[in-house]
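To be precise, the following lines are query.cif, and they hold mmCIF, C-alpha atoms and all ligand atoms.
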data_start
#
loop_
_atom_site.label_atom_id
_atom_site.label_comp_id
_atom_site.auth_asym_id
_atom_site.auth_seq_id
_atom_site.Cartn_x
_atom_site.Cartn_y
_atom_site.Cartn_z
CA MET A 280 34.43 -24.85 -7.61
CA ASN A 281 33.99 -21.50 -9.34
CA LYS A 282 33.61 -18.55 -7.04
CA ARG A 283 30.06 -17.21 -7.26
CA PRO A 284 29.72 -13.63 -8.54
CA ARG A 285 29.25 -11.11 -5.76
CA ILE A 286 26.20 -8.87 -6.22
CA LEU A 287 24.65 -6.07 -4.18
CA LEU A 288 20.93 -5.33 -3.99
CA THR A 289 20.73 -1.72 -2.87
CA ARG A 290 17.24 -2.21 -1.33
CA ARG A 291 15.27 -5.22 -0.02
CA TRP A 292 13.44 -7.16 -2.77
CA THR A 293 10.64 -9.72 -2.44
CA SER A 294 11.73 -12.87 -0.60
CA GLU A 295 11.04 -15.02 -3.69
CA VAL A 296 13.66 -13.10 -5.65
CA GLU A 297 16.16 -12.76 -2.82
CA ASN A 298 15.97 -16.54 -2.27
CA HIS A 299 16.33 -17.23 -5.99
CA LEU A 300 19.38 -14.97 -6.28
CA ALA A 301 21.00 -16.56 -3.22
CA GLU A 302 21.06 -19.88 -5.11
CA HIS A 303 23.25 -18.41 -7.86
CA PHE A 304 25.16 -15.52 -6.35
CA ASP A 305 26.94 -14.29 -3.27
CA VAL A 306 24.32 -11.64 -2.42
CA THR A 307 24.84 -8.57 -0.24
CA LEU A 308 21.56 -7.24 1.14
CA ASN A 309 20.95 -3.76 2.50
CA GLU A 310 19.39 -5.01 5.74
CA ARG A 311 18.23 -1.57 6.92
CA ASP A 312 16.60 -0.89 3.51
CA VAL A 313 17.44 2.81 3.53
CA PRO A 314 19.03 4.54 0.50
CA LEU A 315 22.80 4.02 0.38
CA ALA A 316 25.02 7.09 0.59
CA PRO A 317 27.23 7.82 -2.46
CA GLU A 318 30.30 6.71 -0.47
CA ALA A 319 28.68 3.34 0.26
CA LEU A 320 27.83 2.94 -3.44
CA ARG A 321 31.41 3.78 -4.38
CA ALA A 322 32.72 1.21 -1.88
CA ALA A 323 30.28 -1.38 -3.27
CA MET A 324 31.64 -0.75 -6.79
CA ARG A 325 35.04 -1.93 -5.57
CA ASP A 326 34.02 -5.19 -3.93
CA HIS A 327 31.11 -6.51 -6.06
CA ASP A 328 30.83 -7.88 -9.60
CA ALA A 329 27.40 -6.33 -10.17
CA ILE A 330 25.18 -3.90 -8.33
CA CYS A 331 21.39 -3.78 -8.65
CA PRO A 332 20.13 -0.29 -7.90
CA THR A 333 16.68 1.30 -7.89
CA VAL A 334 15.34 4.76 -8.59
CA THR A 335 16.56 5.87 -5.12
CA ASP A 336 20.22 5.43 -6.07
CA ARG A 337 22.11 8.02 -8.11
CA ILE A 338 24.63 6.07 -10.19
CA ASP A 339 26.56 8.97 -11.68
CA ALA A 340 30.09 9.16 -13.08
CA SER A 341 31.58 9.75 -9.60
CA VAL A 342 30.18 6.38 -8.50
CA LEU A 343 30.93 4.52 -11.73
CA ASP A 344 34.46 5.82 -12.21
CA VAL A 345 35.78 4.79 -8.81
CA PRO A 346 39.44 3.66 -8.75
CA GLY A 347 39.74 -0.11 -8.36
CA ARG A 348 36.21 -0.73 -9.67
CA ARG A 349 35.23 -4.39 -9.88
CA VAL A 350 31.58 -3.96 -10.99
CA ARG A 351 30.98 -4.74 -14.66
CA LEU A 352 27.17 -4.78 -14.67
CA ILE A 353 24.52 -2.44 -13.28
CA GLY A 354 21.33 -4.55 -13.19
CA ASN A 355 18.71 -1.86 -12.63
CA TYR A 356 15.51 -2.83 -10.82
CA GLY A 357 13.00 -0.78 -12.82
CA VAL A 358 12.35 0.21 -16.40
CA GLY A 359 13.33 3.89 -16.02
CA TYR A 360 17.08 4.48 -15.74
CA ASN A 361 17.45 8.25 -15.67
CA HIS A 362 19.19 7.87 -12.27
CA ILE A 363 22.08 6.09 -14.04
CA ASP A 364 24.66 7.91 -16.19
CA VAL A 365 24.52 5.39 -19.05
CA ALA A 366 26.95 7.41 -21.19
CA ALA A 367 29.58 7.22 -18.44
CA ALA A 368 28.84 3.50 -17.98
CA ALA A 369 29.31 2.86 -21.71
CA ARG A 370 32.55 4.84 -21.74
CA LEU A 371 33.88 2.76 -18.84
CA GLY A 372 32.74 -0.55 -20.32
CA VAL A 373 30.13 -1.14 -17.59
CA GLN A 374 26.97 -2.78 -18.97
CA VAL A 375 23.51 -1.65 -17.81
CA SER A 376 20.21 -3.55 -17.96
CA ASN A 377 16.62 -2.64 -16.98
CA THR A 378 13.26 -4.42 -16.49
CA PRO A 379 10.83 -3.56 -19.32
CA ASP A 380 7.52 -5.34 -20.05
CA VAL A 381 6.91 -6.86 -16.61
CA LEU A 382 5.64 -3.62 -15.05
CA THR A 383 3.68 -2.31 -18.03
CA ASP A 384 0.22 -3.35 -16.86
CA SER A 385 0.69 -2.42 -13.20
CA THR A 386 1.85 1.06 -14.14
CA ALA A 387 -0.93 1.53 -16.70
CA ASP A 388 -3.43 0.36 -14.04
CA LEU A 389 -2.08 3.01 -11.70
CA ALA A 390 -2.45 5.69 -14.37
CA ILE A 391 -6.10 4.60 -14.73
CA LEU A 392 -6.52 4.65 -10.93
CA LEU A 393 -5.26 8.25 -10.82
CA LEU A 394 -7.41 9.15 -13.82
CA LEU A 395 -10.52 7.84 -12.04
CA MET A 396 -9.60 9.29 -8.66
CA ALA A 397 -8.86 12.72 -10.10
CA THR A 398 -11.91 12.93 -12.36
CA ARG A 399 -14.28 11.54 -9.68
CA ARG A 400 -12.71 13.47 -6.77
CA ALA A 401 -12.15 10.26 -4.82
CA GLY A 402 -9.41 11.54 -2.51
CA GLU A 403 -11.39 14.65 -1.71
CA GLY A 404 -14.52 12.57 -0.96
CA GLU A 405 -12.67 10.20 1.32
CA ARG A 406 -11.05 13.07 3.20
CA GLU A 407 -14.45 14.75 3.70
CA LEU A 408 -16.02 11.56 5.02
CA ARG A 409 -13.15 10.67 7.35
CA ALA A 410 -13.18 14.21 8.74
CA GLY A 411 -16.85 13.72 9.71
CA GLN A 412 -17.85 16.53 7.34
CA TRP A 413 -20.21 14.59 5.05
CA THR A 414 -23.67 16.04 5.57
CA GLY A 415 -25.48 13.46 3.39
CA TRP A 416 -26.51 12.86 -0.21
CA ARG A 417 -27.55 15.73 -2.44
CA PRO A 418 -27.80 16.09 -6.23
CA THR A 419 -24.97 18.60 -6.53
CA HIS A 420 -22.56 17.03 -4.07
CA MET A 421 -18.93 16.71 -5.21
CA MET A 422 -19.64 16.28 -8.90
CA GLY A 423 -16.74 15.10 -11.05
CA GLN A 424 -16.36 14.50 -14.76
CA SER A 425 -17.53 11.57 -16.92
CA LEU A 426 -15.02 9.83 -19.17
CA ALA A 427 -17.02 8.45 -22.12
CA GLY A 428 -16.14 10.28 -25.33
CA LYS A 429 -13.51 12.45 -23.62
CA VAL A 430 -10.05 12.76 -25.15
CA LEU A 431 -7.15 11.14 -23.31
CA GLY A 432 -3.95 12.77 -24.56
CA LEU A 433 -0.88 10.59 -24.02
CA VAL A 434 2.53 12.26 -23.96
CA GLY A 435 4.95 9.53 -25.09
CA PHE A 436 3.60 6.34 -26.63
CA GLY A 437 5.73 3.48 -25.37
CA ARG A 438 4.56 0.27 -23.77
CA ILE A 439 2.93 1.83 -20.69
CA ALA A 440 1.15 4.55 -22.68
CA GLN A 441 -0.19 1.97 -25.13
CA ALA A 442 -1.49 -0.22 -22.29
CA THR A 443 -3.12 2.85 -20.72
CA ALA A 444 -4.71 3.68 -24.10
CA ARG A 445 -6.15 0.17 -24.48
CA LYS A 446 -7.64 0.20 -20.98
CA ALA A 447 -9.09 3.72 -21.23
CA HIS A 448 -10.55 3.07 -24.67
CA ALA A 449 -11.99 -0.41 -23.99
CA ALA A 450 -13.23 0.14 -20.43
CA PHE A 451 -14.36 3.78 -20.48
CA GLY A 452 -14.95 4.62 -24.14
CA MET A 453 -12.37 7.41 -24.14
CA GLN A 454 -10.96 8.75 -27.39
CA ILE A 455 -7.19 8.44 -27.49
CA ALA A 456 -4.70 10.93 -28.91
CA TYR A 457 -0.93 10.74 -28.51
CA TYR A 458 2.21 12.71 -29.09
CA GLY A 459 5.57 10.96 -29.39
CA ARG A 460 8.93 11.40 -31.04
CA ARG A 461 7.74 9.17 -33.84
CA ARG A 462 4.46 7.86 -35.07
CA ALA A 463 3.47 4.32 -34.01
CA GLU A 464 2.82 1.50 -36.49
CA PRO A 465 -0.69 1.67 -38.04
CA GLN A 466 -1.53 -1.66 -36.37
CA VAL A 467 -0.73 -0.24 -32.90
CA GLU A 468 -2.80 2.87 -33.62
CA GLN A 469 -5.69 0.69 -34.70
CA GLU A 470 -5.54 -1.68 -31.76
CA THR A 471 -5.30 1.13 -29.19
CA GLY A 472 -7.73 3.41 -31.01
CA ALA A 473 -5.07 6.13 -30.88
CA ARG A 474 -4.68 9.16 -33.15
CA PHE A 475 -1.25 10.79 -33.61
CA VAL A 476 -0.93 14.52 -32.90
CA ALA A 477 2.29 15.94 -34.33
CA SER A 478 2.60 18.84 -31.86
CA LEU A 479 2.70 18.56 -28.08
CA ASP A 480 1.16 22.03 -27.78
CA ASP A 481 -1.82 20.88 -29.85
CA LEU A 482 -2.15 17.66 -27.88
CA VAL A 483 -2.31 19.40 -24.49
CA ALA A 484 -4.71 22.03 -25.83
CA GLY A 485 -7.11 19.44 -27.23
CA ALA A 486 -7.20 16.80 -24.47
CA ASP A 487 -9.57 16.47 -21.52
CA VAL A 488 -7.12 14.26 -19.62
CA ILE A 489 -3.35 14.41 -20.25
CA SER A 490 -1.26 11.45 -19.08
CA LEU A 491 2.56 11.53 -19.12
CA HIS A 492 4.56 8.50 -20.27
CA THR A 493 7.95 9.84 -21.35
CA PRO A 494 11.31 8.80 -19.90
CA GLY A 495 12.87 11.17 -17.36
CA GLY A 496 16.18 12.98 -17.87
CA ALA A 497 17.41 16.19 -19.46
CA GLU A 498 15.40 15.80 -22.68
CA THR A 499 12.03 15.83 -20.92
CA PHE A 500 12.84 18.19 -18.02
CA HIS A 501 9.84 20.50 -17.46
CA LEU A 502 8.24 19.39 -20.71
CA ILE A 503 5.01 20.39 -18.99
CA ASP A 504 5.85 23.93 -17.95
CA ALA A 505 3.77 27.02 -17.18
CA ALA A 506 3.20 27.72 -20.90
CA ARG A 507 1.91 24.20 -21.62
CA LEU A 508 -0.25 24.22 -18.49
CA ALA A 509 -1.71 27.51 -19.76
CA ARG A 510 -2.71 25.84 -23.03
CA MET A 511 -4.75 23.15 -21.25
CA LYS A 512 -8.53 23.33 -21.04
CA PRO A 513 -9.90 24.68 -17.74
CA HIS A 514 -11.49 21.30 -17.01
CA ALA A 515 -8.33 19.35 -17.99
CA VAL A 516 -6.81 16.77 -15.67
CA LEU A 517 -3.07 16.00 -15.64
CA ILE A 518 -1.81 12.50 -14.71
CA ASN A 519 1.88 11.76 -14.10
CA THR A 520 3.15 8.21 -13.58
CA ALA A 521 6.40 8.84 -15.50
CA ARG A 522 9.00 10.97 -13.71
CA GLY A 523 8.45 14.03 -11.51
CA PRO A 524 10.82 16.43 -13.29
CA VAL A 525 8.78 16.11 -16.51
CA VAL A 526 6.41 18.61 -14.83
CA ASP A 527 7.33 22.02 -13.42
CA GLU A 528 5.80 21.30 -10.00
CA ALA A 529 5.70 24.95 -8.88
CA ALA A 530 3.85 25.93 -12.09
CA LEU A 531 1.44 23.01 -11.56
CA VAL A 532 0.70 24.21 -8.01
CA ASP A 533 -0.18 27.67 -9.39
CA ALA A 534 -2.40 26.22 -12.14
CA LEU A 535 -4.27 23.96 -9.70
CA ARG A 536 -4.57 26.64 -7.02
CA GLU A 537 -6.02 29.15 -9.49
CA HIS A 538 -8.27 26.46 -11.04
CA ARG A 539 -6.74 27.05 -14.49
CA ILE A 540 -6.88 23.24 -14.81
CA SER A 541 -9.32 21.18 -12.80
CA ALA A 542 -7.22 18.45 -11.17
CA ALA A 543 -4.08 16.35 -11.22
CA GLY A 544 -3.13 12.82 -10.23
CA LEU A 545 0.53 12.30 -9.38
CA ASP A 546 2.62 9.23 -8.55
CA VAL A 547 6.03 10.87 -9.05
CA TYR A 548 7.64 14.13 -7.86
CA GLU A 549 10.51 16.41 -8.72
CA GLU A 550 12.53 15.62 -5.57
CA GLU A 551 11.26 12.34 -4.18
CA PRO A 552 10.40 11.68 -1.42
CA ARG A 553 9.88 15.43 -0.89
CA VAL A 554 6.51 16.65 -2.18
CA HIS A 555 6.01 20.33 -2.98
CA PRO A 556 4.20 21.83 0.07
CA GLY A 557 1.85 23.67 -2.31
CA LEU A 558 0.54 20.32 -3.58
CA LEU A 559 -0.07 19.02 -0.06
CA ALA A 560 -2.30 22.01 0.66
CA LEU A 561 -4.60 21.48 -2.35
CA GLN A 562 -7.81 19.43 -2.56
CA ASN A 563 -7.80 19.02 -6.35
CA VAL A 564 -4.76 16.78 -6.59
CA VAL A 565 -4.39 13.07 -5.86
CA LEU A 566 -0.95 12.22 -4.44
CA LEU A 567 0.43 8.67 -4.40
CA PRO A 568 3.93 7.64 -3.21
CA HIS A 569 5.46 6.23 -6.44
CA LEU A 570 3.34 3.06 -6.46
CA GLY A 571 3.30 2.49 -10.26
CA SER A 572 4.75 -1.02 -10.18
CA ALA A 573 3.87 -1.84 -6.56
CA THR A 574 2.08 -5.18 -6.72
CA HIS A 575 3.51 -8.40 -5.24
CA GLU A 576 3.39 -10.04 -8.65
CA THR A 577 5.08 -7.19 -10.49
CA ARG A 578 7.79 -6.52 -7.92
CA THR A 579 8.71 -10.22 -8.01
CA ALA A 580 8.64 -10.27 -11.81
CA MET A 581 10.92 -7.20 -11.88
CA GLY A 582 13.42 -8.96 -9.60
CA MET A 583 13.29 -12.12 -11.71
CA ARG A 584 13.94 -10.01 -14.81
CA VAL A 585 17.05 -8.54 -13.15
CA ALA A 586 18.07 -12.12 -12.28
CA GLU A 587 17.75 -13.13 -15.95
CA ASN A 588 20.07 -10.31 -16.94
CA LEU A 589 22.58 -11.20 -14.22
CA GLU A 590 22.53 -14.86 -15.18
CA ALA A 591 23.04 -14.04 -18.87
CA PHE A 592 25.89 -11.66 -18.09
CA PHE A 593 27.80 -14.05 -15.83
CA ALA A 594 27.29 -16.91 -18.31
CA GLY A 595 28.91 -14.74 -20.98
CA ARG A 596 25.67 -14.35 -22.97
CA PRO A 597 24.21 -11.06 -24.26
CA LEU A 598 21.95 -9.22 -21.81
CA ARG A 599 18.22 -9.67 -22.31
CA ASP A 600 17.55 -5.99 -21.62
CA PRO A 601 20.66 -3.95 -22.41
CA VAL A 602 20.42 -0.16 -22.12
CA ALA A 603 24.16 0.54 -22.36
C1 LIG B 701 10.09 1.28 -10.02
C2 LIG B 701 9.60 2.87 -11.90
O1 LIG B 701 9.48 0.74 -8.90
O2 LIG B 701 10.42 1.05 -13.16
C3 LIG B 701 10.37 2.26 -13.02
O3 LIG B 701 10.91 3.03 -13.82
O4 LIG B 701 9.37 4.00 -11.90
C4 LIG B 701 9.09 2.10 -10.74
O5 LIG B 701 7.99 1.35 -11.15
C5 LIG B 701 11.31 2.01 -9.62
O6 LIG B 701 11.90 2.66 -10.68
C6 LIG B 701 12.31 1.07 -9.02
O7 LIG B 701 13.62 1.42 -9.31
#
Let me see the file written as structure tokens.
Ligand code: 8YV
Amino acid sequence: MNKRPRILLTRRWTSEVENHLAEHFDVTLNERDVPLAPEALRAAMRDHDAICPTVTDRIDASVLDVPGRRVRLIGNYGVGYNHIDVAAAARLGVQVSNTPDVLTDSTADLAILLLLMATRRAGEGERELRAGQWTGWRPTHMMGQSLAGKVLGLVGFGRIAQATARKAHAAFGMQIAYYGRRRAEPQVEQETGARFVASLDDLVAGADVISLHTPGGAETFHLIDAARLARMKPHAVLINTARGPVVDEAALVDALREHRISAAGLDVYEEEPRVHPGLLALQNVVLLPHLGSATHETRTAMGMRVAENLEAFFAGRPLRDPVA
């Protein structure tokens, strides 16, 4: 009998996926479900055939280039892979896969949730009520902003941005504008109701709500900095479901504190799980703990998508979702 490939899941996954994987592989689970230290990741590289990390694991060259490495595949659980040095992996002949498509709708739904919460002051309202400070209905109580006819400016126009565009346009009658490295196909623009804006500065200056959908990494670090925040309208709302470092968090705190923009809705942070203390002190920001893909259905589908990549790799077939 062939020896089954040995794989490591760096965090606990849904039981459906863990059970499925156990039928095909010799699976190591991280029973305590806390992030693994770099030394533990390096050790795992020596005694597994594949490791399946998440956003909480830094798979840099010092982990990949360990002497005696046995791992030949990094099957990432998640679509974003800025925590993996894919250039080093490619150089060392280690393949990398991710999980696109299956989390598109959940993440777009969460962007819409933040958009609604931030524009309708939902967090603020709930905090007031729970604190016993609600004095009753009145015409001018906690007024937010309506969405119909407002411009949603999308930064990046990949799968998740396009799904967000469709939902915001169809459900709330928002106008959609987007900035991306390249212009989308006319059919996609038509179906999402989106208009291309060639300059990011113009997009942020013209939008009522700005939602970020770029990858993380060096290329997008602090794309939204103090200067771009200064270009936004005073009633603008910033939504981030992409990666924390895309926004200069300290500059965002200043802009929100001084009411130079009206609100923000964040699911991701510069140094997760640490959240800038300035954000925690503000009322006009909604803060969620990186829940973009967190539904039972999606988290299982993500695991199954990793399983497809593992199964292809160990059967000698091309990966379904290669990123390096
Ligand atoms: C994941 C995400 O839960 O897929 C991504 O890129 O940001 C999240 O939805 C996380 O990355 C798991 O690794």
Interatomic distance, atom CA of Gln424 of chain A to atom CA of Asn563 of chain A (Å, one decimal): 12.8 Å
Atom CA of Met583 of chain A to atom CA of Trp292 of chain A, straight-line distance in Å: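 Atom-to-atom, atom CA of Trp292 of chain A and atom CA of Met583 of chain A are spaced 10.2 Å apart.
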Spatial neighbours of segment 383-394 of chain A, 9 Å, only C-alpha atoms, chain gap at least 5 places, as an NGL selection string: :A and (399 or 438-444 or 446-447 or 488 or 490 or 516-520 or 543-546 or 565-567 or 570-574 or 577)
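For ligand LIG 701 (chain B), the neighbouring protein, DNA and RNA residues, which are those within 6 Å when all atoms listed in the file are counted, are Thr333, Val334, Tyr356, Gly357, Val358, Gly359, Gly571 and Ser572 of chain A.
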Minimum-distance residue to Glu551 of chain A, chosen among A:Thr493, A:Asn361, A:Thr335, A:Thr471 (using only C-alpha atoms): A:Thr335
Counting all atoms listed in the file, the option among A:Glu550, A:Asp326, A:Asp336, A:Glu318 closest to Arg290 of chain A: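 Among the listed residues, the smallest separation from Arg290 of chain A belongs to A:Asp336.
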For Val532 of chain A, the nearest of the candidates A:Leu308, A:Val554, A:Ile338, A:Val434, counting all atoms listed in the file: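 When distances to Val532 of chain A are compared using all atoms listed in the file, the smallest one comes from A:Val554.
Proximity to Leu371 of chain A was assessed for A:Ala427, A:Cys331, A:Ala560, A:Ala603 counting only C-alpha atoms; the smallest distance is recorded for A:Ala603.
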Selected residue of minimal separation from Gly347 of chain A among A:Glu310, A:Ile489, A:Asp328, A:Glu587, counting all atoms listed in the file: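 Checking each of A:Glu310, A:Ile489, A:Asp328, A:Glu587 against Gly347 of chain A, counting all atoms listed in the file, the winner is A:Asp328.
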7 Å contact set for segment 401-417 of chain A, all atoms listed in the file, chain neighbours under 4 positions out, as a ChimeraX atom specification: /A:396-397,562,565
With a cut-off of 12 Å, could you pull out the residues of segment 414-525 of chain A touching segment 534-539 of chain A and give me the nearest pair of atoms for each, distance in Å to one decimal, using all atoms listed in the file, ordered by chain and ascending number, as CSV?
residue,atom,partner,partner_atom,distance
A:Ile503,CA,A:Ala534,CA,11.7
A:Asp504,CA,A:Ala534,CA,10.3
A:Ala505,CA,A:Ala534,CA,8.0
A:Ala506,CA,A:Ala534,CA,10.5
A:Arg507,CA,A:Ala534,CA,10.6
A:Leu508,CA,A:Ala534,CA,7.0
A:Ala509,CA,A:Arg539,CA,7.3
A:Arg510,CA,A:Arg539,CA,9.5
A:Met511,CA,A:Arg539,CA,8.1
A:Lys512,CA,A:Arg539,CA,7.7
A:Pro513,CA,A:Arg539,CA,5.1
A:His514,CA,A:Arg539,CA,7.9
A:Ala515,CA,A:Arg539,CA,8.6
A:Val516,CA,A:Leu535,CA,9.7
A:Leu517,CA,A:Leu535,CA,10.0
Nearest residue to Leu491 of chain A from the set A:Ala463, A:Ile540, A:Val547, A:Leu288 (distances using all atoms listed in the file):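 Among the listed residues, the smallest separation from Leu491 of chain A belongs to A:Val547.
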Near-Arg445 of chain A list (10 Å; only C-alpha atoms; drop same-chain fewer than 6 positions) as number ranges by chain: A: 387, 439, 451-453, 455, 470-473
Complete the atoms of segment 349-365 of chain A to N, CA and C atoms and put them out as a tab-separated table (two decimals), in the frame of the given file.
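Result saved to rebuild_37.tsv:
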chain	number	residue	atom	x	y	z
A	349	ARG	N	35.36	-2.98	-9.49
A	349	ARG	CA	35.23	-4.39	-9.88
A	349	ARG	C	33.91	-4.63	-10.64
A	350	VAL	N	32.91	-3.79	-10.37
A	350	VAL	CA	31.58	-3.96	-10.99
A	350	VAL	C	31.67	-3.84	-12.51
A	351	ARG	N	31.03	-4.80	-13.19
A	351	ARG	CA	30.98	-4.74	-14.66
A	351	ARG	C	29.55	-4.68	-15.18
A	352	LEU	N	28.58	-4.84	-14.26
A	352	LEU	CA	27.17	-4.78	-14.67
A	352	LEU	C	26.35	-4.02	-13.63
A	353	ILE	N	25.52	-3.09	-14.14
A	353	ILE	CA	24.52	-2.44	-13.28
A	353	ILE	C	23.18	-3.05	-13.72
A	354	GLY	N	22.61	-3.89	-12.87
A	354	GLY	CA	21.33	-4.55	-13.19
A	354	GLY	C	20.20	-3.76	-12.54
A	355	ASN	N	19.70	-2.76	-13.25
A	355	ASN	CA	18.71	-1.86	-12.63
A	355	ASN	C	17.38	-2.57	-12.38
A	356	TYR	N	16.83	-2.31	-11.19
A	356	TYR	CA	15.51	-2.83	-10.82
A	356	TYR	C	14.51	-1.73	-11.17
A	357	GLY	N	13.92	-1.82	-12.35
A	357	GLY	CA	13.00	-0.78	-12.82
A	357	GLY	C	13.22	-0.56	-14.30
A	358	VAL	N	12.19	-0.03	-14.96
A	358	VAL	CA	12.35	0.21	-16.40
A	358	VAL	C	13.05	1.55	-16.66
A	359	GLY	N	12.73	2.56	-15.84
A	359	GLY	CA	13.33	3.89	-16.02
A	359	GLY	C	14.75	3.89	-15.48
A	360	TYR	N	15.68	4.51	-16.20
A	360	TYR	CA	17.08	4.48	-15.74
A	360	TYR	C	17.72	5.86	-15.79
A	361	ASN	N	16.90	6.90	-15.62
A	361	ASN	CA	17.45	8.25	-15.67
A	361	ASN	C	18.33	8.57	-14.45
A	362	HIS	N	18.31	7.68	-13.44
A	362	HIS	CA	19.19	7.87	-12.27
A	362	HIS	C	20.59	7.27	-12.51
A	363	ILE	N	20.78	6.70	-13.70
A	363	ILE	CA	22.08	6.09	-14.04
A	363	ILE	C	22.70	6.87	-15.20
A	364	ASP	N	23.97	7.23	-15.08
A	364	ASP	CA	24.66	7.91	-16.19
A	364	ASP	C	25.10	6.83	-17.18
A	365	VAL	N	24.22	6.51	-18.14
A	365	VAL	CA	24.52	5.39	-19.05
A	365	VAL	C	25.65	5.73	-20.02
